[in-house]
$ cat coords_4.cif   # mmCIF, C-alpha atoms and all ligand atoms
data_input
#
loop_
_atom_site.label_atom_id
_atom_site.label_comp_id
_atom_site.auth_asym_id
_atom_site.auth_seq_id
_atom_site.Cartn_x
_atom_site.Cartn_y
_atom_site.Cartn_z
CA MET A 1 -120.05 -51.18 -4.33
CA HIS A 2 -117.30 -48.82 -3.16
CA TRP A 3 -117.37 -48.13 0.58
CA LEU A 4 -117.97 -44.42 0.00
CA ASP A 5 -121.25 -45.20 -1.81
CA THR A 6 -122.59 -47.29 1.06
CA PHE A 7 -121.45 -44.61 3.49
CA GLN A 8 -123.31 -41.99 1.44
CA ASP A 9 -126.53 -44.01 1.82
CA TYR A 10 -125.89 -44.14 5.54
CA LEU A 11 -125.19 -40.38 5.71
CA ASN A 12 -128.63 -39.72 4.20
CA ARG A 13 -130.25 -41.15 7.33
CA PRO A 14 -131.36 -38.71 10.08
CA LEU A 15 -128.60 -37.84 12.56
CA ARG A 16 -130.63 -39.36 15.42
CA GLU A 17 -130.61 -42.72 13.65
CA ARG A 18 -126.93 -42.49 12.70
CA LEU A 19 -125.90 -41.82 16.26
CA THR A 20 -127.42 -45.08 17.50
CA TYR A 21 -124.68 -46.68 15.42
CA TYR A 22 -122.13 -45.21 17.81
CA GLN A 23 -123.67 -46.76 20.89
CA LYS A 24 -123.20 -50.14 22.50
CA ASP A 25 -125.41 -51.51 25.29
CA GLY A 26 -127.08 -48.09 25.62
CA ARG A 27 -123.74 -46.27 26.07
CA ILE A 28 -121.80 -44.03 23.72
CA SER A 29 -118.99 -46.09 22.16
CA ASP A 30 -117.52 -43.79 19.47
CA ILE A 31 -117.23 -39.99 19.65
CA MET A 32 -118.34 -38.28 16.45
CA VAL A 33 -120.29 -35.07 17.13
CA SER A 34 -121.34 -33.11 20.21
CA GLN A 35 -125.05 -33.79 19.57
CA GLN A 36 -124.30 -37.24 21.03
CA PHE A 37 -123.77 -35.84 24.52
CA SER A 38 -126.91 -35.81 26.70
CA LEU A 39 -127.05 -33.80 29.91
CA ASP A 40 -126.72 -37.06 31.89
CA PHE A 41 -123.66 -38.03 29.88
CA LEU A 42 -122.13 -34.60 30.52
CA GLN A 43 -122.69 -34.92 34.26
CA THR A 44 -121.05 -38.36 34.19
CA ILE A 45 -117.98 -36.95 32.41
CA PHE A 46 -117.80 -33.96 34.80
CA ASP A 47 -117.91 -36.31 37.82
CA LEU A 48 -115.35 -38.71 36.32
CA THR A 49 -113.06 -35.79 35.50
CA ASP A 50 -113.26 -34.56 39.11
CA GLN A 51 -112.43 -38.07 40.32
CA VAL A 52 -109.47 -38.48 37.95
CA ARG A 53 -108.03 -35.11 39.00
CA GLU A 54 -108.34 -36.02 42.66
CA ILE A 55 -106.93 -39.54 42.30
CA GLU A 56 -103.99 -38.38 40.18
CA LYS A 57 -102.77 -36.04 42.95
CA THR A 58 -101.15 -38.88 44.93
CA GLN A 59 -98.45 -41.28 43.76
CA LYS A 60 -100.63 -44.23 44.76
CA GLY A 61 -103.55 -42.78 42.80
CA ALA A 62 -101.49 -41.98 39.71
CA LYS A 63 -100.12 -45.53 39.72
CA PHE A 64 -103.63 -46.97 40.10
CA LEU A 65 -104.84 -44.98 37.08
CA THR A 66 -102.10 -46.51 34.91
CA THR A 67 -103.44 -49.99 35.69
CA LEU A 68 -106.95 -49.26 34.43
CA LEU A 69 -106.57 -49.59 30.66
CA HIS A 70 -103.27 -51.47 30.49
CA PRO A 71 -102.44 -53.28 28.15
CA LYS A 72 -104.85 -51.66 25.66
CA ARG A 73 -103.45 -49.62 22.79
CA GLY A 74 -104.30 -46.08 21.72
CA MET A 75 -103.48 -44.61 18.30
CA LEU A 76 -103.27 -40.92 17.46
CA TYR A 77 -103.93 -40.47 13.75
CA PHE A 78 -103.30 -36.74 13.38
CA THR A 79 -102.85 -35.66 9.77
CA GLN A 80 -103.79 -32.02 10.50
CA PRO A 81 -101.60 -29.92 12.83
CA SER A 82 -102.38 -29.94 16.54
CA THR A 83 -100.62 -29.11 19.78
CA ARG A 84 -103.28 -29.26 22.54
CA THR A 85 -105.48 -32.09 21.31
CA PHE A 86 -102.50 -34.27 20.37
CA LEU A 87 -100.58 -33.72 23.60
CA SER A 88 -103.57 -33.85 25.92
CA PHE A 89 -104.75 -37.13 24.38
CA THR A 90 -101.19 -38.53 24.50
CA ASN A 91 -100.89 -37.65 28.19
CA ALA A 92 -104.45 -38.73 28.97
CA MET A 93 -103.79 -42.12 27.36
CA GLN A 94 -100.56 -42.54 29.32
CA MET A 95 -102.33 -41.47 32.51
CA VAL A 96 -104.88 -44.31 32.22
CA GLY A 97 -102.37 -46.95 31.07
CA LEU A 98 -102.89 -47.07 27.30
CA MET A 99 -99.85 -47.77 25.15
CA VAL A 100 -99.68 -44.95 22.62
CA SER A 101 -98.66 -44.88 18.94
CA GLU A 102 -99.03 -42.12 16.40
CA VAL A 103 -99.33 -41.33 12.69
CA ARG A 104 -98.85 -37.62 12.05
CA ASP A 105 -97.45 -37.39 8.55
CA PRO A 106 -99.20 -39.52 5.91
CA SER A 107 -96.25 -38.96 3.55
CA LEU A 108 -94.23 -41.22 5.88
CA SER A 109 -96.86 -43.97 5.82
CA SER A 110 -97.73 -46.33 2.97
CA GLU A 111 -100.45 -43.90 1.83
CA ILE A 112 -97.60 -42.38 -0.21
CA LYS A 113 -97.29 -45.71 -2.09
CA GLY A 114 -100.94 -45.51 -3.05
CA GLU A 115 -102.55 -47.36 -0.15
CA THR A 116 -106.11 -46.15 0.25
CA ILE A 117 -107.14 -44.36 3.42
CA GLU A 118 -109.61 -47.20 4.06
CA ASP A 119 -106.88 -49.86 3.93
CA GLY A 120 -104.45 -47.64 5.85
CA LEU A 121 -106.89 -47.13 8.74
CA ARG A 122 -107.83 -50.81 8.69
CA VAL A 123 -104.14 -51.64 9.20
CA ILE A 124 -103.85 -49.06 11.98
CA GLY A 125 -106.92 -50.63 13.59
CA LYS A 126 -105.07 -53.94 13.88
CA TYR A 127 -102.68 -52.29 16.36
CA SER A 128 -105.28 -50.26 18.28
CA ASP A 129 -108.21 -50.49 20.68
CA VAL A 130 -109.01 -46.80 20.20
CA ILE A 131 -108.04 -44.37 17.43
CA VAL A 132 -108.25 -40.59 17.85
CA MET A 133 -108.46 -38.86 14.47
CA ARG A 134 -107.58 -35.24 13.65
CA THR A 135 -108.02 -34.63 9.91
CA PRO A 136 -108.66 -31.72 7.53
CA GLN A 137 -111.56 -33.66 5.94
CA PRO A 138 -114.98 -33.17 7.56
CA GLY A 139 -116.69 -36.49 8.32
CA LEU A 140 -113.61 -38.72 7.87
CA SER A 141 -113.70 -40.06 11.44
CA GLU A 142 -117.38 -40.94 11.05
CA TYR A 143 -116.58 -42.72 7.79
CA ILE A 144 -113.83 -44.75 9.47
CA ALA A 145 -116.05 -45.54 12.49
CA TYR A 146 -118.72 -46.73 10.04
CA LEU A 147 -116.19 -48.89 8.18
CA MET A 148 -114.80 -50.45 11.37
CA LYS A 149 -118.32 -51.67 12.13
CA GLN A 150 -118.80 -52.96 8.57
CA TRP A 151 -115.51 -54.85 8.87
CA GLY A 152 -116.47 -56.28 12.27
CA GLU A 153 -113.50 -54.58 13.96
CA ASP A 154 -114.07 -53.82 17.67
CA ILE A 155 -112.20 -50.49 17.70
CA LEU A 156 -113.38 -47.20 19.14
CA ILE A 157 -113.02 -44.04 17.06
CA ILE A 158 -112.82 -40.56 18.55
CA ASN A 159 -113.15 -37.45 16.40
CA GLY A 160 -110.28 -35.19 17.53
CA GLY A 161 -111.27 -32.42 15.08
CA SER A 162 -112.69 -33.00 11.60
CA GLY A 163 -112.06 -30.12 9.20
CA GLN A 164 -114.56 -27.28 9.57
CA ASP A 165 -117.14 -29.65 10.96
CA GLN A 166 -116.82 -30.57 14.64
CA HIS A 167 -114.44 -30.94 17.57
CA PRO A 168 -116.59 -32.79 20.13
CA THR A 169 -113.91 -33.46 22.75
CA GLN A 170 -113.06 -29.73 22.74
CA ALA A 171 -116.76 -29.08 23.47
CA LEU A 172 -116.54 -31.51 26.40
CA LEU A 173 -113.56 -29.76 27.96
CA ASP A 174 -115.15 -26.37 27.29
CA ALA A 175 -118.38 -27.48 28.97
CA TYR A 176 -116.38 -28.81 31.94
CA THR A 177 -114.58 -25.45 32.25
CA ILE A 178 -117.90 -23.57 32.10
CA HIS A 179 -119.38 -26.00 34.64
CA GLN A 180 -116.45 -25.36 37.03
CA PHE A 181 -116.90 -21.60 36.73
CA PHE A 182 -120.69 -21.51 37.15
CA LYS A 183 -120.98 -24.38 39.65
CA GLU A 184 -121.56 -21.99 42.56
CA ARG A 185 -123.36 -19.48 40.34
CA GLY A 186 -126.45 -21.42 39.25
CA GLY A 187 -124.81 -23.71 36.67
CA ILE A 188 -124.54 -23.58 32.89
CA SER A 189 -128.30 -22.97 32.38
CA GLY A 190 -129.74 -19.48 32.37
CA LYS A 191 -126.57 -17.77 31.10
CA LYS A 192 -125.79 -15.57 28.13
CA TYR A 193 -123.06 -16.90 25.81
CA GLY A 194 -121.20 -14.75 23.26
CA PHE A 195 -119.30 -16.40 20.39
CA VAL A 196 -116.86 -14.21 18.48
CA GLY A 197 -114.82 -14.61 15.30
CA ASP A 198 -114.99 -17.21 12.54
CA LEU A 199 -118.25 -18.94 13.49
CA TRP A 200 -118.73 -20.30 10.01
CA ARG A 201 -115.67 -22.55 10.02
CA GLY A 202 -114.62 -22.70 13.67
CA ARG A 203 -115.33 -26.33 14.64
CA ALA A 204 -114.69 -25.75 18.36
CA ALA A 205 -117.36 -23.03 18.54
CA ARG A 206 -119.75 -25.08 16.38
CA SER A 207 -119.46 -28.13 18.66
CA LEU A 208 -119.93 -26.03 21.79
CA VAL A 209 -123.02 -24.29 20.37
CA TYR A 210 -124.60 -27.68 19.65
CA LEU A 211 -123.76 -28.84 23.16
CA LEU A 212 -124.98 -25.76 25.04
CA SER A 213 -128.26 -25.69 23.13
CA GLN A 214 -129.54 -28.48 25.42
CA PHE A 215 -129.41 -26.28 28.52
CA ASP A 216 -132.44 -24.32 29.79
CA ASN A 217 -132.94 -20.59 29.40
CA ILE A 218 -129.69 -19.78 27.68
CA GLU A 219 -129.21 -17.01 25.13
CA MET A 220 -126.56 -16.76 22.46
CA PHE A 221 -124.91 -13.78 20.78
CA MET A 222 -123.02 -14.50 17.56
CA VAL A 223 -120.49 -11.73 16.90
CA ALA A 224 -118.86 -12.02 13.47
CA PRO A 225 -118.49 -10.30 10.14
CA GLU A 226 -121.21 -11.40 7.75
CA LYS A 227 -119.00 -13.84 5.85
CA PHE A 228 -118.01 -15.66 9.04
CA GLN A 229 -121.47 -15.82 10.64
CA ILE A 230 -122.99 -19.16 11.63
CA GLY A 231 -124.24 -21.29 8.75
CA VAL A 232 -127.73 -22.56 7.99
CA ASP A 233 -127.11 -25.86 9.80
CA LEU A 234 -126.47 -24.14 13.15
CA GLN A 235 -129.25 -21.59 12.58
CA GLU A 236 -131.77 -24.38 11.99
CA HIS A 237 -130.54 -26.31 14.99
CA LEU A 238 -130.86 -23.29 17.31
CA GLU A 239 -134.34 -22.55 15.96
CA LYS A 240 -135.38 -26.13 16.60
CA PHE A 241 -134.12 -25.88 20.19
CA LYS A 242 -135.82 -22.47 20.59
CA ILE A 243 -132.60 -20.75 21.66
CA PRO A 244 -132.82 -16.95 21.43
CA VAL A 245 -129.94 -15.91 19.15
CA GLN A 246 -128.74 -12.47 18.18
CA THR A 247 -126.29 -12.12 15.29
CA THR A 248 -124.28 -8.91 15.26
CA THR A 249 -121.04 -7.27 14.18
CA SER A 250 -120.76 -5.19 17.35
CA LEU A 251 -118.56 -6.77 20.01
CA LYS A 252 -118.82 -3.69 22.23
CA GLU A 253 -122.63 -3.94 22.45
CA VAL A 254 -122.51 -7.57 23.50
CA LEU A 255 -119.68 -7.43 26.07
CA PRO A 256 -121.69 -5.83 28.94
CA VAL A 257 -124.49 -8.41 28.79
CA ILE A 258 -122.82 -11.78 28.37
CA ASP A 259 -121.72 -14.21 31.11
CA CYS A 260 -119.36 -16.25 28.97
CA LEU A 261 -117.35 -14.99 26.00
CA TYR A 262 -115.96 -17.57 23.56
CA MET A 263 -113.31 -16.03 21.29
CA THR A 264 -112.05 -17.75 18.11
CA ARG A 265 -109.50 -16.99 15.43
CA VAL A 266 -110.07 -16.73 11.66
CA GLN A 267 -109.70 -20.27 10.29
CA ASP A 268 -107.76 -19.18 7.20
CA GLU A 269 -106.11 -22.59 6.75
CA TYR A 270 -109.28 -23.43 4.79
CA ASP A 271 -108.95 -20.48 2.39
CA GLN A 272 -108.17 -21.19 -1.24
CA LEU A 273 -106.96 -17.70 -2.06
CA SER A 274 -105.72 -16.47 1.32
CA GLU A 275 -108.61 -14.01 1.28
CA SER A 276 -109.11 -13.97 5.06
CA LYS A 277 -105.38 -13.55 5.67
CA GLN A 278 -105.82 -10.04 4.29
CA PHE A 279 -108.96 -9.47 6.36
CA ASP A 280 -108.63 -6.91 9.18
CA ASP A 281 -110.50 -8.53 12.07
CA SER A 282 -109.31 -6.08 14.76
CA GLU A 283 -112.93 -5.05 15.48
CA PHE A 284 -113.41 -8.55 16.83
CA HIS A 285 -110.35 -8.53 19.10
CA LEU A 286 -110.52 -8.40 22.88
CA THR A 287 -108.43 -5.58 24.35
CA PRO A 288 -108.09 -4.55 28.02
CA GLU A 289 -110.36 -1.55 27.26
CA ARG A 290 -113.05 -3.86 25.90
CA VAL A 291 -112.71 -6.34 28.79
CA ALA A 292 -113.46 -3.40 31.10
CA LEU A 293 -116.99 -3.42 29.60
CA MET A 294 -117.61 -7.00 30.76
CA LYS A 295 -119.30 -8.07 33.99
CA GLN A 296 -116.96 -8.88 36.89
CA GLU A 297 -118.60 -12.31 37.25
CA SER A 298 -118.04 -13.40 33.66
CA MET A 299 -115.53 -15.67 31.93
CA ILE A 300 -113.39 -15.45 28.80
CA MET A 301 -112.66 -18.57 26.79
CA HIS A 302 -110.72 -19.46 23.65
CA PRO A 303 -110.02 -22.97 22.28
CA LEU A 304 -106.56 -21.70 21.21
CA PRO A 305 -104.31 -21.29 19.32
CA ARG A 306 -104.80 -17.52 19.34
CA ARG A 307 -103.27 -14.81 17.25
CA GLN A 308 -104.29 -11.27 18.17
CA GLU A 309 -107.89 -12.04 19.22
CA ILE A 310 -107.01 -11.69 22.90
CA ASP A 311 -104.40 -9.21 24.08
CA THR A 312 -101.88 -11.11 26.24
CA ALA A 313 -102.35 -8.50 29.01
CA ILE A 314 -105.79 -10.09 29.54
CA ASP A 315 -104.10 -13.37 30.57
CA PHE A 316 -103.70 -11.82 34.04
CA ASP A 317 -107.42 -11.00 34.34
CA PRO A 318 -109.20 -13.49 36.66
CA ARG A 319 -111.95 -13.80 34.04
CA ALA A 320 -109.50 -15.36 31.56
CA LYS A 321 -110.11 -19.12 31.60
CA TYR A 322 -108.39 -20.27 28.40
CA TRP A 323 -105.33 -21.66 30.17
CA GLN A 324 -107.71 -23.53 32.46
CA GLN A 325 -109.32 -25.01 29.32
CA VAL A 326 -105.89 -26.28 28.21
CA SER A 327 -105.18 -28.09 31.48
CA ASN A 328 -108.75 -29.39 31.79
CA GLY A 329 -108.37 -30.98 28.33
CA MET A 330 -106.05 -33.73 29.56
CA TYR A 331 -108.28 -34.71 32.51
CA VAL A 332 -111.53 -34.58 30.54
CA ARG A 333 -109.99 -36.77 27.83
CA ALA A 334 -108.69 -39.23 30.43
CA ALA A 335 -112.19 -39.35 31.95
CA LEU A 336 -113.71 -39.88 28.51
CA LEU A 337 -111.36 -42.81 27.77
CA LEU A 338 -112.26 -44.39 31.12
CA TYR A 339 -115.96 -43.95 30.33
CA LEU A 340 -115.57 -45.51 26.87
CA PHE A 341 -113.83 -48.53 28.39
CA GLN A 342 -116.42 -48.70 31.21
CA GLN A 343 -114.13 -48.08 34.17
CA GLU A 344 -116.50 -46.01 36.33
CA LYS A 345 -116.94 -48.72 39.00
CA GLU A 346 -113.17 -49.21 39.37
CA LEU A 347 -112.68 -45.46 39.82
CA GLN A 348 -115.50 -45.28 42.35
CA ALA A 349 -114.10 -48.24 44.33
CA PHE A 350 -110.66 -46.58 44.55
CA SER A 351 -112.15 -43.27 45.68
CA GLN A 352 -114.09 -44.87 48.60
N1 LIG A 401 -107.93 -26.37 20.59
C1 LIG A 401 -107.28 -27.21 19.75
O1 LIG A 401 -107.88 -28.11 19.12
O2 LIG A 401 -105.94 -26.98 19.65
P1 LIG A 401 -104.95 -27.81 18.73
O3 LIG A 401 -105.32 -27.53 17.30
O4 LIG A 401 -103.58 -27.32 19.09
O5 LIG A 401 -105.16 -29.28 19.03
#

$ encode --input "coords_4.cif" --output "structure tokens" --more "lines below"
Ligand code: CP
Amino acid sequence: MHWLDTFQDYLNRPLRERLTYYQKDGRISDIMVSQQFSLDFLQTIFDLTDQVREIEKTQKGAKFLTTLLHPKRGMLYFTQPSTRTFLSFTNAMQMVGLMVSEVRDPSLSSEIKGETIEDGLRVIGKYSDVIVMRTPQPGLSEYIAYLMKQWGEDILIINGGSGQDQHPTQALLDAYTIHQFFKERGGISGKKYGFVGDLWRGRAARSLVYLLSQFDNIEMFMVAPEKFQIGVDLQEHLEKFKIPVQTTTSLKEVLPVIDCLYMTRVQDEYDQLSESKQFDDSEFHLTPERVALMKQESMIMHPLPRRQEIDTAIDFDPRAKYWQQVSNGMYVRAALLLYLFQQEKELQAFSQ
């Protein structure tokens, strides 16, 4: 039977059951979707991230970090464009001592000679302890993680963005940024979150919505034109978690009530006919006049890259946290790698 057929059988199982496949000794071993992250896991990653940031400040600490995962090997298999995820993972890997290789252009690999993606990734796995995958195909990283287990290969797979599906490590760094902001303001629970833009295909927003839905007493406001509103999968998930959700096309109505605003761009790279490239989305842009409607104690986020969704004048507003997200990405990903390779005790011992 072709691998894809067996994978299809596996995909038909409930998500809860599938996710146990990506655990080892009761710990998460591969990163596929943000529904994997429990509140305890999140707290562990937040604490590890704080520790890594602190340790890395000194020369002695930075040198210690590079001993932790040496001489393991990390591979970045990025066949869809990326700046932040690629560079933050590269630097995170270097920070914790992984030796880094990359495949960015499949036309320069033997895929161009007709090698299947299955064989290609199996080869890559021979030179890697962990592979981060950024691909235009939804579900490809889960397929490869599944295959690695079928082949008996002890290699970790991290989904670094899978088509329109999910971007779980972006959700982790977003949650860390929100946690930092609300730490002295009652935490992530009990807040109102506004998501704006292409919520149908924006994988960063989708992963964050799944993640936040675990927190108590939160409300969500989904601001998008009808064709870019959240899909049935997210609607059903939010219903199941009893999250109050309002869908609307009016950004101005939502701005005064929300605590955290998550802006996104139109994901027109997935368009067949460039239809959204001609779409005027200016009603969903954040301008200084619109920011003036927001609470003083609120935050503005964006996974980036941006186009015109956020006026650059807003970069100077203390509520703008999207540059903070970018720098947090490297530390959160370093913390995640240390968690996956079970280095918490070593970090703790150094910090004492
Ligand atoms: N936020 C994000 O995933 O950015 P890149 O596409 O540049 O990696």

$ residues_around --input "coords_4.cif" --residues "A:Met32" --least-positions-apart "2" --cutoff "7 Å" --atoms "all atoms listed in the file" --output "PyMOL selection string"
chain A and resi 30+142+158-159+168

$ residues_around --input "coords_4.cif" --residues "stretch 218-224 of chain A" --least-positions-apart "2" --cutoff "6 Å" --atoms "only C-alpha atoms" --output "list of chain:residue names"
A:Ser189, A:Gly190, A:Lys191, A:Lys192, A:Tyr193, A:Gly194, A:Phe195, A:Val196, A:Gly197, A:Asp216, A:Phe228, A:Gln229, A:Pro244, A:Val245, A:Gln246, A:Thr247, A:Thr248, A:Thr249

$ atom_distance --input "coords_4.cif" --atom1 "atom CA of A:Leu251" --atom2 "atom CA of A:Arg290"
8.6 Å

$ residues_near_ligand --input "coords_4.cif" --ligand "ligand LIG 401 (chain A)" --cutoff "8 Å" --atoms "all atoms listed in the file" --output "list in words"
Pro81, Ser82, Thr83, Arg84, Thr85, Phe86, Leu87, Gly160, Gly161, His167, Gln170, Ala204, Pro303, Leu304, Pro305 and Val326 of chain A

$ residues_around --input "coords_4.cif" --residues "A:Arg16" --least-positions-apart "5" --cutoff "10 Å" --atoms "only C-alpha atoms" --output "list in words"
Tyr21, Gln35 and Gln36 of chain A

$ atom_distance --input "coords_4.cif" --atom1 "atom CA of A:Ser298" --atom2 "atom CA of A:Asp174"
14.7 Å

$ closest_residue --input "coords_4.cif" --among "A:Ala349, A:Ile31, A:Leu147, A:Met95" --to "A:His70" --atoms "only C-alpha atoms"
A:Met95

$ residues_around --input "coords_4.cif" --residues "A:Ile157" --least-positions-apart "3" --cutoff "7 Å" --atoms "only C-alpha atoms" --output "list in words"
Asp30, Ile31, Val130, Ile131, Val132, Ser141 and Ala145 of chain A

$ atom_distance --input "coords_4.cif" --atom1 "atom CA of A:Thr135" --atom2 "atom CA of A:Ser38"
25.3 Å

$ closest_residue --input "coords_4.cif" --among "A:Arg27, A:Lys183, A:Lys240, A:His302" --to "A:Gln324" --atoms "all atoms listed in the file"
A:His302

$ closest_residue --input "coords_4.cif" --among "A:Val266, A:Met148, A:Leu42, A:Val103" --to "A:Arg134" --atoms "all atoms listed in the file"
A:Val103

$ closest_residue --input "coords_4.cif" --among "A:Glu346, A:Asp259, A:Asp25, A:Asp281" --to "A:Gly186" --atoms "all atoms listed in the file"
A:Asp259

$ closest_residue --input "coords_4.cif" --among "A:Gln352, A:Ile243, A:Ser282, A:Tyr146" --to "A:Phe7" --atoms "all atoms listed in the file"
A:Tyr146

$ closest_residue --input "coords_4.cif" --among "A:Ile178, A:Leu108, A:Lys63, A:Gln94" --to "A:Leu261" --atoms "only C-alpha atoms"
A:Ile178

$ axis_aligned_box --input "coords_4.cif" --around "stretch 245-261 of chain A" --padding-each-side "6 Å" --output "lines of an AutoDock Vina configuration file"
center_x = -123.6
center_y = -10.0
center_z = 22.6
size_x = 24.6
size_y = 24.6
size_z = 28.9

$ build_atoms --input "coords_4.cif" --residues "stretch 51-58 of chain A" --atoms "all heavy atoms" --output "PDB file, in the frame of the given file"
ATOM      1  N   GLN A  51    -113.051 -36.903  39.635  1.00  0.00           N
ATOM      2  CA  GLN A  51    -112.430 -38.070  40.320  1.00  0.00           C
ATOM      3  C   GLN A  51    -111.008 -38.298  39.835  1.00  0.00           C
ATOM      4  O   GLN A  51    -110.100 -38.516  40.632  1.00  0.00           O
ATOM      5  CB  GLN A  51    -113.245 -39.330  40.038  1.00  0.00           C
ATOM      6  CG  GLN A  51    -114.472 -39.478  40.897  1.00  0.00           C
ATOM      7  CD  GLN A  51    -115.272 -40.726  40.506  1.00  0.00           C
ATOM      8  OE1 GLN A  51    -114.798 -41.600  39.817  1.00  0.00           O
ATOM      9  NE2 GLN A  51    -116.493 -40.790  40.948  1.00  0.00           N
ATOM     10  N   VAL A  52    -110.813 -38.251  38.516  1.00  0.00           N
ATOM     11  CA  VAL A  52    -109.470 -38.480  37.950  1.00  0.00           C
ATOM     12  C   VAL A  52    -108.489 -37.439  38.490  1.00  0.00           C
ATOM     13  O   VAL A  52    -107.376 -37.769  38.915  1.00  0.00           O
ATOM     14  CB  VAL A  52    -109.510 -38.459  36.404  1.00  0.00           C
ATOM     15  CG1 VAL A  52    -108.105 -38.453  35.810  1.00  0.00           C
ATOM     16  CG2 VAL A  52    -110.286 -39.651  35.867  1.00  0.00           C
ATOM     17  N   ARG A  53    -108.911 -36.190  38.507  1.00  0.00           N
ATOM     18  CA  ARG A  53    -108.030 -35.110  39.000  1.00  0.00           C
ATOM     19  C   ARG A  53    -107.623 -35.373  40.440  1.00  0.00           C
ATOM     20  O   ARG A  53    -106.468 -35.169  40.811  1.00  0.00           O
ATOM     21  CB  ARG A  53    -108.759 -33.756  38.972  1.00  0.00           C
ATOM     22  CG  ARG A  53    -109.079 -33.238  37.612  1.00  0.00           C
ATOM     23  CD  ARG A  53    -109.827 -31.938  37.771  1.00  0.00           C
ATOM     24  NE  ARG A  53    -108.888 -30.881  37.998  1.00  0.00           N
ATOM     25  CZ  ARG A  53    -108.583 -29.960  37.087  1.00  0.00           C
ATOM     26  NH1 ARG A  53    -109.184 -29.972  35.924  1.00  0.00           N
ATOM     27  NH2 ARG A  53    -107.711 -29.041  37.332  1.00  0.00           N
ATOM     28  N   GLU A  54    -108.596 -35.790  41.241  1.00  0.00           N
ATOM     29  CA  GLU A  54    -108.340 -36.020  42.660  1.00  0.00           C
ATOM     30  C   GLU A  54    -107.411 -37.221  42.848  1.00  0.00           C
ATOM     31  O   GLU A  54    -106.427 -37.149  43.589  1.00  0.00           O
ATOM     32  CB  GLU A  54    -109.711 -36.260  43.346  1.00  0.00           C
ATOM     33  CG  GLU A  54    -109.748 -36.053  44.834  1.00  0.00           C
ATOM     34  CD  GLU A  54    -109.163 -34.719  45.287  1.00  0.00           C
ATOM     35  OE1 GLU A  54    -109.389 -33.689  44.632  1.00  0.00           O
ATOM     36  OE2 GLU A  54    -108.443 -34.729  46.320  1.00  0.00           O
ATOM     37  N   ILE A  55    -107.723 -38.304  42.148  1.00  0.00           N
ATOM     38  CA  ILE A  55    -106.930 -39.540  42.300  1.00  0.00           C
ATOM     39  C   ILE A  55    -105.497 -39.313  41.840  1.00  0.00           C
ATOM     40  O   ILE A  55    -104.547 -39.802  42.460  1.00  0.00           O
ATOM     41  CB  ILE A  55    -107.594 -40.696  41.503  1.00  0.00           C
ATOM     42  CG1 ILE A  55    -108.923 -41.099  42.144  1.00  0.00           C
ATOM     43  CG2 ILE A  55    -106.660 -41.907  41.416  1.00  0.00           C
ATOM     44  CD1 ILE A  55    -109.734 -42.106  41.338  1.00  0.00           C
ATOM     45  N   GLU A  56    -105.324 -38.552  40.774  1.00  0.00           N
ATOM     46  CA  GLU A  56    -103.990 -38.380  40.180  1.00  0.00           C
ATOM     47  C   GLU A  56    -103.043 -37.564  41.058  1.00  0.00           C
ATOM     48  O   GLU A  56    -101.829 -37.565  40.841  1.00  0.00           O
ATOM     49  CB  GLU A  56    -104.168 -37.712  38.801  1.00  0.00           C
ATOM     50  CG  GLU A  56    -103.049 -37.987  37.840  1.00  0.00           C
ATOM     51  CD  GLU A  56    -102.341 -36.711  37.438  1.00  0.00           C
ATOM     52  OE1 GLU A  56    -102.717 -35.613  37.912  1.00  0.00           O
ATOM     53  OE2 GLU A  56    -101.399 -36.817  36.654  1.00  0.00           O
ATOM     54  N   LYS A  57    -103.600 -36.913  42.095  1.00  0.00           N
ATOM     55  CA  LYS A  57    -102.770 -36.040  42.950  1.00  0.00           C
ATOM     56  C   LYS A  57    -101.750 -36.836  43.762  1.00  0.00           C
ATOM     57  O   LYS A  57    -100.711 -36.320  44.132  1.00  0.00           O
ATOM     58  CB  LYS A  57    -103.670 -35.261  43.930  1.00  0.00           C
ATOM     59  CG  LYS A  57    -104.322 -34.048  43.302  1.00  0.00           C
ATOM     60  CD  LYS A  57    -105.164 -33.334  44.340  1.00  0.00           C
ATOM     61  CE  LYS A  57    -105.985 -32.233  43.706  1.00  0.00           C
ATOM     62  NZ  LYS A  57    -107.090 -31.814  44.581  1.00  0.00           N
ATOM     63  N   THR A  58    -102.085 -38.094  44.108  1.00  0.00           N
ATOM     64  CA  THR A  58    -101.150 -38.880  44.930  1.00  0.00           C
ATOM     65  C   THR A  58    -100.424 -39.886  44.043  1.00  0.00           C
ATOM     66  O   THR A  58    -100.943 -40.297  42.997  1.00  0.00           O
ATOM     67  CB  THR A  58    -101.890 -39.655  46.035  1.00  0.00           C
ATOM     68  OG1 THR A  58    -102.736 -40.635  45.395  1.00  0.00           O
ATOM     69  CG2 THR A  58    -102.725 -38.734  46.907  1.00  0.00           C
TER      70      THR A  58
END
